[in-house]
Every structure is written in C-alpha cells, then in structure tokens.
file query_15.cif (mmCIF, C-alpha atoms)
data_model
loop_
_atom_site.label_atom_id
_atom_site.label_comp_id
_atom_site.auth_asym_id
_atom_site.auth_seq_id
_atom_site.Cartn_x
_atom_site.Cartn_y
_atom_site.Cartn_z
CA MET A 1 14.76 26.79 -21.88
CA ALA A 2 13.53 27.95 -18.49
CA ASN A 3 15.65 30.19 -16.30
CA PRO A 4 17.66 28.57 -13.53
CA ILE A 5 15.97 28.64 -10.13
CA ALA A 6 17.41 31.09 -7.59
CA ALA A 7 20.99 30.53 -6.41
CA THR A 8 19.69 30.40 -2.83
CA ALA A 9 17.41 27.51 -3.83
CA LEU A 10 20.33 25.67 -5.49
CA ASP A 11 22.22 26.16 -2.23
CA GLN A 12 19.34 24.77 -0.20
CA LEU A 13 18.87 21.72 -2.44
CA PHE A 14 22.47 20.87 -3.28
CA ARG A 15 25.39 23.07 -2.32
CA ASN A 16 24.68 23.79 1.33
CA ALA A 17 22.48 20.81 2.18
CA ARG A 18 24.06 18.43 4.69
CA THR A 19 23.11 15.26 6.52
CA PRO A 20 22.59 15.79 10.27
CA ASN A 21 23.26 13.00 12.74
CA ASP A 22 21.08 14.35 15.54
CA TRP A 23 17.65 15.95 15.50
CA GLU A 24 15.51 18.55 17.22
CA PRO A 25 12.31 17.05 18.68
CA THR A 26 10.12 19.49 16.69
CA PRO A 27 7.49 17.35 14.93
CA VAL A 28 6.93 17.29 11.19
CA ASP A 29 3.26 18.20 10.72
CA GLU A 30 1.01 15.75 8.92
CA SER A 31 0.19 18.53 6.44
CA THR A 32 3.91 18.82 5.64
CA VAL A 33 4.11 15.08 4.96
CA HIS A 34 1.19 15.40 2.56
CA ALA A 35 2.79 18.44 0.90
CA LEU A 36 5.99 16.43 0.56
CA TYR A 37 4.23 13.51 -1.13
CA ASP A 38 2.37 15.94 -3.39
CA LEU A 39 5.75 17.02 -4.80
CA VAL A 40 7.41 13.58 -4.85
CA LYS A 41 4.58 11.99 -6.82
CA TRP A 42 5.28 14.19 -9.87
CA GLY A 43 8.85 12.98 -10.33
CA PRO A 44 9.29 10.95 -13.52
CA THR A 45 9.34 7.13 -13.39
CA SER A 46 9.45 4.51 -16.13
CA ALA A 47 6.02 4.54 -17.82
CA ASN A 48 4.73 6.38 -14.72
CA SER A 49 5.08 3.10 -12.83
CA SER A 50 5.59 4.90 -9.49
CA PRO A 51 6.66 1.75 -7.61
CA ALA A 52 7.79 3.48 -4.38
CA ARG A 53 5.79 2.95 -1.23
CA PHE A 54 6.30 4.93 1.95
CA ARG A 55 5.92 4.09 5.64
CA TRP A 56 6.05 7.33 7.61
CA VAL A 57 7.28 6.18 11.04
CA ARG A 58 6.45 8.73 13.73
CA SER A 59 4.85 6.86 16.67
CA PRO A 60 7.08 6.01 19.65
CA GLU A 61 6.33 2.31 19.07
CA GLY A 62 7.18 2.55 15.36
CA LYS A 63 10.43 4.40 16.03
CA THR A 64 11.49 1.90 18.70
CA ARG A 65 10.71 -1.01 16.38
CA LEU A 66 12.56 0.51 13.43
CA ALA A 67 15.54 1.52 15.58
CA SER A 68 15.80 -2.04 16.92
CA LEU A 69 16.23 -3.29 13.32
CA ALA A 70 18.90 -0.72 12.40
CA MET A 71 22.67 -0.78 12.74
CA GLU A 72 23.84 0.30 16.17
CA ALA A 73 25.10 3.67 14.91
CA ASN A 74 21.75 4.50 13.30
CA ARG A 75 19.53 3.71 16.31
CA PRO A 76 19.87 7.00 18.18
CA LYS A 77 19.18 8.95 14.98
CA ILE A 78 15.88 7.12 14.40
CA LEU A 79 14.86 7.56 18.03
CA ALA A 80 15.72 11.27 18.01
CA ALA A 81 14.17 12.23 14.66
CA PRO A 82 10.47 13.16 14.76
CA LEU A 83 9.85 11.17 11.58
CA THR A 84 11.71 8.49 9.63
CA VAL A 85 10.29 7.34 6.33
CA ILE A 86 10.90 3.84 5.01
CA ILE A 87 11.17 4.02 1.22
CA GLY A 88 10.16 0.68 -0.27
CA HIS A 89 9.06 -0.52 -3.69
CA ASP A 90 6.13 -2.76 -4.46
CA LEU A 91 6.98 -5.82 -6.56
CA ASP A 92 3.25 -5.96 -7.36
CA PHE A 93 3.45 -2.51 -9.00
CA PRO A 94 2.61 -3.93 -12.47
CA ASN A 95 -0.97 -4.34 -11.27
CA THR A 96 -1.27 -0.55 -10.90
CA MET A 97 -0.37 0.13 -14.55
CA PRO A 98 -3.99 0.26 -15.81
CA GLN A 99 -4.58 3.01 -13.23
CA LEU A 100 -1.29 4.84 -13.77
CA PHE A 101 -1.01 4.59 -17.56
CA PRO A 102 -4.60 4.30 -18.82
CA ALA A 103 -3.67 4.49 -22.53
CA ARG A 104 -1.46 1.38 -22.41
CA GLY A 105 -2.11 -0.04 -18.96
CA GLU A 106 -2.66 -3.69 -19.80
CA MET A 107 0.31 -3.74 -22.19
CA MET A 108 2.57 -2.17 -19.55
CA ARG A 109 1.22 -4.51 -16.87
CA GLN A 110 2.27 -7.47 -18.98
CA TYR A 111 5.62 -5.89 -19.89
CA PHE A 112 6.59 -5.23 -16.28
CA SER A 113 5.35 -8.68 -15.21
CA GLN A 114 8.06 -10.38 -17.27
CA PRO A 115 10.63 -12.25 -15.14
CA GLY A 116 13.58 -9.99 -14.33
CA VAL A 117 11.94 -6.79 -15.59
CA GLY A 118 9.73 -6.03 -12.59
CA GLU A 119 12.35 -6.27 -9.86
CA SER A 120 14.96 -4.05 -11.51
CA THR A 121 12.28 -1.55 -12.58
CA ALA A 122 10.95 -1.40 -9.02
CA PHE A 123 14.42 -0.98 -7.48
CA ARG A 124 15.58 1.61 -10.04
CA ASN A 125 12.44 3.72 -10.03
CA GLY A 126 11.76 3.33 -6.33
CA SER A 127 15.28 4.66 -5.76
CA LEU A 128 14.61 7.61 -8.10
CA GLN A 129 11.49 8.38 -6.09
CA GLY A 130 13.54 8.16 -2.88
CA ALA A 131 15.88 10.79 -4.30
CA TYR A 132 12.93 12.96 -5.34
CA LEU A 133 11.79 12.71 -1.72
CA ILE A 134 15.16 13.93 -0.46
CA MET A 135 15.09 16.86 -2.89
CA ALA A 136 11.45 17.69 -2.15
CA ALA A 137 12.01 17.58 1.60
CA ARG A 138 14.96 19.94 1.30
CA ALA A 139 12.88 22.17 -0.98
CA LEU A 140 10.27 22.40 1.78
CA GLY A 141 12.95 23.34 4.32
CA LEU A 142 13.38 19.98 6.01
CA ASP A 143 16.69 18.27 6.71
CA CYS A 144 17.22 14.70 5.51
CA GLY A 145 19.19 11.84 7.03
CA PRO A 146 19.14 8.98 4.49
CA MET A 147 20.50 5.61 5.70
CA SER A 148 20.98 2.10 4.34
CA GLY A 149 22.24 0.45 7.53
CA PHE A 150 19.34 -1.72 8.68
CA ASP A 151 18.01 -5.28 8.35
CA ASN A 152 15.89 -5.05 5.19
CA ALA A 153 14.20 -8.43 5.56
CA ALA A 154 13.25 -7.74 9.18
CA VAL A 155 11.95 -4.26 8.32
CA ASP A 156 9.85 -5.76 5.51
CA LEU A 157 8.33 -8.20 7.97
CA ALA A 158 7.70 -5.51 10.59
CA PHE A 159 6.37 -2.74 8.33
CA PHE A 160 5.26 -4.31 5.03
CA ALA A 161 3.83 -7.68 6.19
CA GLY A 162 1.28 -9.24 3.85
CA THR A 163 2.56 -7.29 0.85
CA ARG A 164 5.32 -7.69 -1.75
CA ILE A 165 6.80 -4.33 -0.79
CA GLN A 166 10.56 -4.45 -0.18
CA SER A 167 12.34 -1.81 1.87
CA ASN A 168 15.05 0.12 0.00
CA PHE A 169 16.43 2.78 2.34
CA ILE A 170 15.22 4.90 5.23
CA CYS A 171 15.41 8.66 5.75
CA CYS A 172 15.07 10.72 8.91
CA LEU A 173 13.19 13.97 8.36
CA GLY A 174 12.98 17.05 10.55
CA ILE A 175 15.20 19.80 11.82
CA GLY A 176 18.76 18.63 12.20
CA LYS A 177 21.13 19.83 14.88
CA PRO A 178 23.85 21.75 13.02
CA GLN A 179 26.54 20.69 15.49
CA SER A 180 25.86 17.02 14.60
CA ILE A 181 27.01 17.46 10.99
CA PHE A 182 30.36 15.90 10.06
CA PRO A 183 32.91 17.77 7.94
CA ARG A 184 32.07 17.41 4.27
CA ASN A 185 33.84 14.70 2.31
CA PRO A 186 35.41 15.35 -1.11
CA ARG A 187 33.61 14.55 -4.36
CA LEU A 188 34.86 13.08 -7.64
CA SER A 189 35.91 15.62 -10.25
CA PHE A 190 33.90 15.97 -13.46
CA GLU A 191 36.57 13.97 -15.28
CA GLU A 192 36.73 11.23 -12.64
CA ALA A 193 32.96 10.77 -12.81
CA GLY A 194 32.49 10.85 -16.55
CA SER A 195 33.39 11.92 -20.06
CA PHE A 196 31.92 13.15 -23.31
CA ALA A 197 31.20 10.77 -26.19
CA MET B 1 14.02 24.58 9.59
CA ALA B 2 14.75 26.49 6.41
CA ASN B 3 12.01 28.24 4.47
CA PRO B 4 10.53 26.46 1.46
CA ILE B 5 12.06 27.48 -1.85
CA ALA B 6 9.88 29.67 -4.07
CA ALA B 7 6.62 28.21 -5.40
CA THR B 8 7.83 28.93 -8.95
CA ALA B 9 10.90 26.78 -8.27
CA LEU B 10 8.72 23.95 -6.92
CA ASP B 11 6.68 24.24 -10.13
CA GLN B 12 9.83 24.07 -12.26
CA LEU B 13 11.24 21.04 -10.42
CA PHE B 14 8.10 19.03 -9.75
CA ARG B 15 4.62 20.33 -10.49
CA ASN B 16 5.01 21.71 -14.01
CA ALA B 17 8.01 19.67 -15.18
CA ARG B 18 7.15 17.27 -18.00
CA THR B 19 9.00 14.79 -20.21
CA PRO B 20 9.26 15.93 -23.84
CA ASN B 21 9.43 13.42 -26.68
CA ASP B 22 11.04 15.73 -29.23
CA TRP B 23 13.81 18.26 -28.92
CA GLU B 24 15.03 21.59 -30.25
CA PRO B 25 18.51 21.33 -31.81
CA THR B 26 19.88 24.07 -29.49
CA PRO B 27 23.07 22.62 -27.96
CA VAL B 28 23.70 22.25 -24.25
CA ASP B 29 26.92 24.17 -23.60
CA GLU B 30 29.83 22.32 -22.07
CA SER B 31 29.82 24.87 -19.25
CA THR B 32 26.21 23.92 -18.49
CA VAL B 33 27.18 20.24 -18.30
CA HIS B 34 29.91 21.13 -15.82
CA ALA B 35 27.49 23.30 -13.83
CA LEU B 36 25.07 20.38 -13.81
CA TYR B 37 27.66 17.93 -12.47
CA ASP B 38 28.74 20.51 -9.88
CA LEU B 39 25.22 20.32 -8.42
CA VAL B 40 24.69 16.56 -8.84
CA LYS B 41 27.90 15.68 -7.04
CA TRP B 42 26.64 17.15 -3.75
CA GLY B 43 23.61 14.85 -3.50
CA PRO B 44 23.89 12.39 -0.61
CA THR B 45 25.00 8.79 -1.21
CA SER B 46 25.75 5.94 1.15
CA ALA B 47 29.03 6.80 2.91
CA ASN B 48 29.64 9.33 0.10
CA SER B 49 30.28 6.37 -2.21
CA SER B 50 29.16 8.33 -5.30
CA PRO B 51 29.06 5.27 -7.59
CA ALA B 52 27.40 6.97 -10.59
CA ARG B 53 29.42 7.49 -13.76
CA PHE B 54 28.27 9.61 -16.67
CA ARG B 55 28.80 9.38 -20.42
CA TRP B 56 27.65 12.66 -21.96
CA VAL B 57 26.76 11.65 -25.53
CA ARG B 58 26.70 14.65 -27.87
CA SER B 59 28.75 13.74 -30.98
CA PRO B 60 26.84 12.65 -34.09
CA GLU B 61 28.69 9.30 -33.97
CA GLY B 62 27.88 8.81 -30.28
CA LYS B 63 24.21 9.64 -30.76
CA THR B 64 23.90 7.30 -33.77
CA ARG B 65 25.57 4.50 -31.82
CA LEU B 66 23.41 4.99 -28.73
CA ALA B 67 20.23 5.29 -30.80
CA SER B 68 21.03 2.03 -32.58
CA LEU B 69 21.08 0.26 -29.19
CA ALA B 70 17.77 1.76 -27.99
CA MET B 71 14.20 0.59 -28.43
CA GLU B 72 12.67 1.69 -31.70
CA ALA B 73 10.48 4.34 -30.04
CA ASN B 74 13.44 5.93 -28.28
CA ARG B 75 15.75 6.26 -31.32
CA PRO B 76 14.39 9.51 -32.77
CA LYS B 77 14.51 11.13 -29.33
CA ILE B 78 18.20 10.34 -28.91
CA LEU B 79 18.99 11.53 -32.44
CA ALA B 80 17.04 14.76 -31.97
CA ALA B 81 18.28 15.71 -28.49
CA PRO B 82 21.52 17.73 -28.39
CA LEU B 83 22.77 15.64 -25.48
CA THR B 84 21.86 12.29 -23.93
CA VAL B 85 23.62 11.22 -20.78
CA ILE B 86 24.14 7.55 -19.92
CA ILE B 87 23.89 7.16 -16.14
CA GLY B 88 25.92 4.13 -15.08
CA HIS B 89 27.40 2.90 -11.82
CA ASP B 90 30.88 1.57 -11.28
CA LEU B 91 31.05 -1.83 -9.60
CA ASP B 92 34.67 -0.92 -8.76
CA PHE B 93 33.46 2.06 -6.69
CA PRO B 94 34.75 0.53 -3.42
CA ASN B 95 38.27 1.40 -4.60
CA THR B 96 37.40 5.11 -4.46
CA MET B 97 36.41 5.01 -0.78
CA PRO B 98 39.84 6.07 0.56
CA GLN B 99 39.52 9.18 -1.65
CA LEU B 100 35.83 9.83 -0.92
CA PHE B 101 35.72 9.02 2.79
CA PRO B 102 39.25 9.68 4.07
CA ALA B 103 38.38 9.12 7.74
CA ARG B 104 37.23 5.52 7.20
CA GLY B 105 38.22 4.81 3.61
CA GLU B 106 39.87 1.42 3.98
CA MET B 107 37.10 0.17 6.29
CA MET B 108 34.42 1.29 3.83
CA ARG B 109 36.34 -0.16 0.89
CA GLN B 110 36.30 -3.54 2.59
CA TYR B 111 32.67 -3.19 3.63
CA PHE B 112 31.46 -2.41 0.11
CA SER B 113 33.68 -5.14 -1.37
CA GLN B 114 31.65 -7.85 0.40
CA PRO B 115 29.75 -10.12 -1.99
CA GLY B 116 26.24 -8.78 -2.56
CA VAL B 117 26.84 -5.42 -0.87
CA GLY B 118 28.64 -3.65 -3.70
CA GLU B 119 26.15 -4.32 -6.50
CA SER B 120 23.03 -3.24 -4.63
CA THR B 121 24.83 -0.19 -3.20
CA ALA B 122 25.99 0.81 -6.68
CA PHE B 123 22.52 0.34 -8.22
CA ARG B 124 20.67 2.09 -5.38
CA ASN B 125 23.02 5.05 -5.05
CA GLY B 126 23.71 5.37 -8.77
CA SER B 127 19.94 5.61 -9.22
CA LEU B 128 19.73 8.29 -6.51
CA GLN B 129 22.41 10.24 -8.36
CA GLY B 130 20.47 9.83 -11.60
CA ALA B 131 17.47 11.40 -9.91
CA TYR B 132 19.63 14.22 -8.55
CA LEU B 133 20.73 14.79 -12.14
CA ILE B 134 17.11 15.08 -13.30
CA MET B 135 16.34 17.55 -10.52
CA ALA B 136 19.54 19.55 -11.06
CA ALA B 137 18.95 19.75 -14.82
CA ARG B 138 15.44 21.05 -14.28
CA ALA B 139 16.78 23.48 -11.69
CA LEU B 140 19.15 24.85 -14.35
CA GLY B 141 16.26 25.26 -16.79
CA LEU B 142 16.84 22.15 -18.91
CA ASP B 143 14.19 19.63 -19.88
CA CYS B 144 14.81 15.94 -19.16
CA GLY B 145 13.77 12.84 -21.06
CA PRO B 146 14.74 9.82 -18.93
CA MET B 147 14.44 6.38 -20.57
CA SER B 148 15.09 2.74 -19.69
CA GLY B 149 14.34 1.22 -23.08
CA PHE B 150 17.74 0.20 -24.47
CA ASP B 151 20.09 -2.78 -24.55
CA ASN B 152 22.09 -2.33 -21.35
CA ALA B 153 24.74 -4.95 -22.12
CA ALA B 154 25.37 -3.54 -25.60
CA VAL B 155 25.55 0.03 -24.26
CA ASP B 156 28.06 -1.10 -21.63
CA LEU B 157 30.21 -2.62 -24.35
CA ALA B 158 29.95 0.44 -26.59
CA PHE B 159 30.40 3.18 -23.96
CA PHE B 160 32.00 1.60 -20.87
CA ALA B 161 34.35 -0.98 -22.42
CA GLY B 162 37.31 -1.98 -20.25
CA THR B 163 35.56 -0.93 -17.04
CA ARG B 164 33.11 -2.49 -14.58
CA ILE B 165 30.65 0.36 -15.14
CA GLN B 166 27.10 -0.83 -15.83
CA SER B 167 24.55 1.39 -17.55
CA ASN B 168 21.43 2.15 -15.51
CA PHE B 169 19.25 4.53 -17.52
CA ILE B 170 19.70 7.28 -20.08
CA CYS B 171 18.37 10.83 -20.12
CA CYS B 172 17.99 13.28 -22.99
CA LEU B 173 18.82 16.86 -21.99
CA GLY B 174 18.05 20.11 -23.77
CA ILE B 175 15.06 22.18 -24.73
CA GLY B 176 12.01 20.04 -25.33
CA LYS B 177 9.33 20.81 -27.89
CA PRO B 178 6.19 21.55 -25.83
CA GLN B 179 3.90 20.04 -28.48
CA SER B 180 5.69 16.66 -28.05
CA ILE B 181 4.53 16.28 -24.44
CA PHE B 182 1.83 13.65 -23.78
CA PRO B 183 -1.12 14.36 -21.49
CA ARG B 184 -0.14 13.81 -17.88
CA ASN B 185 -0.95 10.47 -16.32
CA PRO B 186 -2.56 10.15 -12.87
CA ARG B 187 -0.56 9.53 -9.72
CA LEU B 188 -1.22 7.36 -6.68
CA SER B 189 -2.96 9.10 -3.79
CA PHE B 190 -1.09 9.62 -0.52
CA GLU B 191 -2.99 6.68 0.98
CA GLU B 192 -2.36 4.40 -1.99
CA ALA B 193 1.37 5.08 -1.82
CA GLY B 194 1.88 4.82 1.91
CA SER B 195 0.77 5.11 5.50
CA PHE B 196 1.86 6.30 8.92
CA ALA B 197 3.32 3.92 11.49
#
call {"tool": "encode", "arguments": {"input": "query_15.cif", "output": "structure tokens"}}
result
Amino acid sequence: MANPIAATALDQLFRNARTPNDWEPTPVDESTVHALYDLVKWGPTSANSSPARFRWVRSPEGKTRLASLAMEANRPKILAAPLTVIIGHDLDFPNTMPQLFPARGEMMRQYFSQPGVGESTAFRNGSLQGAYLIMAARALGLDCGPMSGFDNAAVDLAFFAGTRIQSNFICCLGIGKPQSIFPRNPRLSFEEAGSFA
Amino acid sequence: MANPIAATALDQLFRNARTPNDWEPTPVDESTVHALYDLVKWGPTSANSSPARFRWVRSPEGKTRLASLAMEANRPKILAAPLTVIIGHDLDFPNTMPQLFPARGEMMRQYFSQPGVGESTAFRNGSLQGAYLIMAARALGLDCGPMSGFDNAAVDLAFFAGTRIQSNFICCLGIGKPQSIFPRNPRLSFEEAGSFA
C-alpha cells in the first residue's frame, strides 16, 4: 500500500476545490493543455477503450458559438473563461480497440460493437475520463467549472460534425475569481450514500 | 492559479497507477472507507445532485454473491480483494435536492424529475463520482480494480432491492499484487483524442 499523498494535495483536489462562476482572462497555455491530456489519458477505462474526445474551445469564435448554445446562465462563464473543453465520447470507439488493446483488439472491437453495449460503455467511460480531467486540471493548479446546461445536439453539430462523437458535458478551465464562488452546499453522509454488505 | 501538486503525487494518481488483477488479503479498515468517502463526496456534480450510491462489499457472503453475478474472469478478483465497492446511482436522487441544494431545492427537484433528464443526469454524475472514488482511493494509497463485467440487473436485485438504485460499475480496493499487473496498453495521442476550436 502506497502512502497517502500530501494533505495539501488532498485539499487542492477535493476538500478545498470549488467551482468558480467567473474567470480571470489569463490564458491557459497550449503546453498546459497537453500536460493535462498527458495525465488524463492514463486514467483507467473499460478494456482501455478511452472513448472520450475533447474539443478545447479557446478562440473568440469558438467561445461565442459554444456560449450561444448554452443555457442563459452559463453563457457569460463560457465567454469569460480562457478555455472551455467539450468532453464528448465517440460512438465509433470500438474501431480503436485494435490500437488500444493489441492483445485482444479484434475481440474487443466486436464485443463493444454489440447493440446496446457501445453506447453505455462510451457514456460511462467518457464520463470517467471527464472526471479524470477535472482531477488532473486541479492537480495542475487550474480551476474547473463543469456544466451540463447546453444543447447537446446543437453542440454536436457545431463541434463534432461528420463524426459519431456525442457531447457529454463542458468544463471551463483557467483561474477562477474567488469572489464568484457560491457558498458550499451540504453533502450526503456516509450512511445516506451507502452501506456495507 | 495554484501550484501543481507534487510530481510523486501525479505519478501515484495517474502516471504510475495500474490495475491489479490479484490482491493481498490485507483488509481495508472501516476508517479508511470513511476517509475515502469523505474525499469523494466533495467532487463536483450537476447542481450538487450527488446521485452515486455505494455498496461496500467486504463480508464473505457478500463477496461470494457478487462474484457469482460477475463474468467468469472477474470472479477470482472479487473473491480475493478485501473490499469491492458497487458504484450505483439512485434514480430517486431528485428527492434529495432540497437537502443538497437548499437555495433552489424544489426547483431542482422538479427539473431533474422531468422525463429523460433524471436518468442521464444520474448515469453521468454517478460515473463522475465513480471516477472521483478511483482517484481518491489512489490518493489514499489504495490500488483500484474497476470492472464492468457483471450482470447489472441481478446485482441491483441482490444489493439494491427495494430502491431505484442502479448499479454502474464495481471496483476492487486494497493492495494489489504487482506481479498480477498486465503490460500497459497504448493511449491515444493528443491529436487523436481531440483538437482546439
């Protein structure tokens, strides 16, 4: 068993991390985005299927387009943040299995191509990868503003046209303004959220 | 912008973390399970909806039952691991919104009760919480063995009877045997997994 990571790191990842609602204009360097992906990619997925796909929206045109497809309350956040990533998952991910799982690629391609299996695998594991992204971004010192309030079908058409990638959620990344953070809401107790068996 | 956490912590969470396929019998203390939940619970979810529910399976009877409902290849892992958690999500989570989001609880309860909204919100955010659990367990020095290969409907009946909780995936927790780890599979490049917009 490894030692726990430092308490300050646990604070940064979990205990003190908060979701800002407004952002400093400071850009997120391209090298930071690559460093972020180079952590996210190692997170475990079912048979290494890695179905998540990322659109890193940073251009003024991209931000305006994405904001126009978001719920009213989310628009100013997308326009203010230097970068908002669209986390999607590729329904064609089974075709990558020979590359991602060389020992059993063709078998896994066929398995994930079964009706009903591919979509839930993509949604489940793409969501896991979205959470790895949130954790990795916080680990690198970035603030995260994850959001579900947008028109998924319209975002797919605008940012994933010509593919079978479906948007899942979006996440602003950058330096949040501390004064834009709401008071923290309560959480379920251990007993409310689960039990031993 | 905060500083990045230590490189050794990034290794422990992402770069060096691997999925074992066999386990030491060393138990996971109940206090560690509570410490784990006390990190997981802080991870962000849509409107703080926190739909994940956890069954911490550690009794011999529970492990035998769960193993019997898993794919052949996963049975010995569940029997060997000191603890396997079933990550589920509660389709009745909208009813917790007044507790979890006091400022707009009734509004959010109604919003998430709309047909189609609740199920995808529960699956997406329950999956995020499952990934937070993997990251938090690794942060505490535990190894993780996440798996999807089991009979979800039968597990729901055996472990979540009388509720609207649906199992999502399961995850062995404990100290993995290093010699049971497979060689690491390749990952998609930055460009294969996404692009700037």
call {"tool": "interface_residues", "arguments": {"input": "query_15.cif", "of": "chain A", "to": "chain B", "cutoff": "7 Å", "atoms": "all atoms listed in the file", "output": "ChimeraX atom specification"}}
result
/A:1-5,9,14-15,34,37,39,41-43,46,53-59,62,100-101,124,127-128,131-132,139-142,147-148,175,185-187,190,193-197
call {"tool": "resolve_selection", "arguments": {"input": "query_15.cif", "expression": "the PyMOL selection byres ((chain A and resi 111) around 12)", "output": "mmCIF file with C-alpha atoms, keeping the file's coordinate frame"}}
result
data_model
loop_
_atom_site.group_PDB
_atom_site.id
_atom_site.type_symbol
_atom_site.label_atom_id
_atom_site.label_comp_id
_atom_site.auth_asym_id
_atom_site.auth_seq_id
_atom_site.Cartn_x
_atom_site.Cartn_y
_atom_site.Cartn_z
ATOM 1 C CA SER A 46 9.450 4.510 -16.130
ATOM 2 C CA ALA A 47 6.020 4.540 -17.820
ATOM 3 C CA SER A 49 5.080 3.100 -12.830
ATOM 4 C CA PHE A 93 3.450 -2.510 -9.000
ATOM 5 C CA PRO A 94 2.610 -3.930 -12.470
ATOM 6 C CA ASN A 95 -0.970 -4.340 -11.270
ATOM 7 C CA MET A 97 -0.370 0.130 -14.550
ATOM 8 C CA ARG A 104 -1.460 1.380 -22.410
ATOM 9 C CA GLY A 105 -2.110 -0.040 -18.960
ATOM 10 C CA GLU A 106 -2.660 -3.690 -19.800
ATOM 11 C CA MET A 107 0.310 -3.740 -22.190
ATOM 12 C CA MET A 108 2.570 -2.170 -19.550
ATOM 13 C CA ARG A 109 1.220 -4.510 -16.870
ATOM 14 C CA GLN A 110 2.270 -7.470 -18.980
ATOM 15 C CA PHE A 112 6.590 -5.230 -16.280
ATOM 16 C CA SER A 113 5.350 -8.680 -15.210
ATOM 17 C CA GLN A 114 8.060 -10.380 -17.270
ATOM 18 C CA PRO A 115 10.630 -12.250 -15.140
ATOM 19 C CA GLY A 116 13.580 -9.990 -14.330
ATOM 20 C CA VAL A 117 11.940 -6.790 -15.590
ATOM 21 C CA GLY A 118 9.730 -6.030 -12.590
ATOM 22 C CA THR A 121 12.280 -1.550 -12.580
ATOM 23 C CA GLY B 149 14.340 1.220 -23.080
#
call {"tool": "residues_around", "arguments": {"input": "query_15.cif", "residues": "Ala81 of chain B", "least_positions_apart": "3", "cutoff": "8 Å", "atoms": "all atoms listed in the file", "output": "PyMOL selection string"}}
result
chain B and resi 22-25+77-78+84+172-174
call {"tool": "resolve_selection", "arguments": {"input": "query_15.cif", "expression": "the PyMOL selection byres ((chain A and resi 179) around 9)", "output": "CSV table (one decimal) with C-alpha atoms, in the frame of the given file"}}
result
chain,number,residue,atom,x,y,z
A,20,PRO,CA,22.6,15.8,10.3
A,21,ASN,CA,23.3,13.0,12.7
A,22,ASP,CA,21.1,14.4,15.5
A,176,GLY,CA,18.8,18.6,12.2
A,177,LYS,CA,21.1,19.8,14.9
A,178,PRO,CA,23.8,21.8,13.0
A,180,SER,CA,25.9,17.0,14.6
A,181,ILE,CA,27.0,17.5,11.0
A,182,PHE,CA,30.4,15.9,10.1
call {"tool": "atom_distance", "arguments": {"input": "query_15.cif", "atom1": "atom CA of Asp92 of chain A", "atom2": "atom CA of Thr163 of chain A"}}
result
8.3 Å
call {"tool": "decode", "arguments": {"input": "query_15.cif", "residues": "segment 30-42 of chain B", "atoms": "N, CA, C and O atoms", "output": "PDB file, in the first residue's frame"}}
result
ATOM      1  N   GLU B  30     -12.285   0.044   8.124  1.00  0.00           N
ATOM      2  CA  GLU B  30     -13.514   0.837   8.006  1.00  0.00           C
ATOM      3  C   GLU B  30     -13.211   2.342   8.047  1.00  0.00           C
ATOM      4  O   GLU B  30     -13.848   3.136   7.338  1.00  0.00           O
ATOM      5  N   SER B  31     -12.216   2.724   8.839  1.00  0.00           N
ATOM      6  CA  SER B  31     -11.875   4.154   8.904  1.00  0.00           C
ATOM      7  C   SER B  31     -11.336   4.656   7.562  1.00  0.00           C
ATOM      8  O   SER B  31     -11.548   5.812   7.192  1.00  0.00           O
ATOM      9  N   THR B  32     -10.660   3.772   6.830  1.00  0.00           N
ATOM     10  CA  THR B  32     -10.168   4.164   5.501  1.00  0.00           C
ATOM     11  C   THR B  32     -11.326   4.337   4.526  1.00  0.00           C
ATOM     12  O   THR B  32     -11.313   5.248   3.683  1.00  0.00           O
ATOM     13  N   VAL B  33     -12.344   3.480   4.642  1.00  0.00           N
ATOM     14  CA  VAL B  33     -13.519   3.612   3.773  1.00  0.00           C
ATOM     15  C   VAL B  33     -14.227   4.944   4.053  1.00  0.00           C
ATOM     16  O   VAL B  33     -14.641   5.649   3.125  1.00  0.00           O
ATOM     17  N   HIS B  34     -14.327   5.292   5.323  1.00  0.00           N
ATOM     18  CA  HIS B  34     -14.934   6.585   5.669  1.00  0.00           C
ATOM     19  C   HIS B  34     -14.073   7.742   5.163  1.00  0.00           C
ATOM     20  O   HIS B  34     -14.602   8.733   4.634  1.00  0.00           O
ATOM     21  N   ALA B  35     -12.764   7.633   5.309  1.00  0.00           N
ATOM     22  CA  ALA B  35     -11.870   8.683   4.809  1.00  0.00           C
ATOM     23  C   ALA B  35     -12.002   8.814   3.287  1.00  0.00           C
ATOM     24  O   ALA B  35     -11.970   9.923   2.739  1.00  0.00           O
ATOM     25  N   LEU B  36     -12.162   7.678   2.633  1.00  0.00           N
ATOM     26  CA  LEU B  36     -12.347   7.680   1.184  1.00  0.00           C
ATOM     27  C   LEU B  36     -13.624   8.420   0.809  1.00  0.00           C
ATOM     28  O   LEU B  36     -13.611   9.326  -0.041  1.00  0.00           O
ATOM     29  N   TYR B  37     -14.742   8.061   1.438  1.00  0.00           N
ATOM     30  CA  TYR B  37     -15.996   8.748   1.120  1.00  0.00           C
ATOM     31  C   TYR B  37     -15.899  10.247   1.426  1.00  0.00           C
ATOM     32  O   TYR B  37     -16.451  11.079   0.688  1.00  0.00           O
ATOM     33  N   ASP B  38     -15.180  10.582   2.503  1.00  0.00           N
ATOM     34  CA  ASP B  38     -15.064  11.994   2.889  1.00  0.00           C
ATOM     35  C   ASP B  38     -14.240  12.815   1.899  1.00  0.00           C
ATOM     36  O   ASP B  38     -14.242  14.044   1.967  1.00  0.00           O
ATOM     37  N   LEU B  39     -13.529  12.162   0.987  1.00  0.00           N
ATOM     38  CA  LEU B  39     -12.922  12.873  -0.150  1.00  0.00           C
ATOM     39  C   LEU B  39     -13.881  12.873  -1.348  1.00  0.00           C
ATOM     40  O   LEU B  39     -14.157  13.911  -1.943  1.00  0.00           O
ATOM     41  N   VAL B  40     -14.398  11.675  -1.671  1.00  0.00           N
ATOM     42  CA  VAL B  40     -15.264  11.513  -2.853  1.00  0.00           C
ATOM     43  C   VAL B  40     -16.426  12.500  -2.834  1.00  0.00           C
ATOM     44  O   VAL B  40     -16.782  13.083  -3.862  1.00  0.00           O
ATOM     45  N   LYS B  41     -17.004  12.685  -1.657  1.00  0.00           N
ATOM     46  CA  LYS B  41     -18.239  13.477  -1.570  1.00  0.00           C
ATOM     47  C   LYS B  41     -18.053  14.925  -2.021  1.00  0.00           C
ATOM     48  O   LYS B  41     -19.029  15.584  -2.385  1.00  0.00           O
ATOM     49  N   TRP B  42     -16.812  15.431  -1.996  1.00  0.00           N
ATOM     50  CA  TRP B  42     -16.572  16.820  -2.386  1.00  0.00           C
ATOM     51  C   TRP B  42     -16.469  17.024  -3.892  1.00  0.00           C
ATOM     52  O   TRP B  42     -16.477  18.154  -4.374  1.00  0.00           O
TER      53      TRP B  42
END
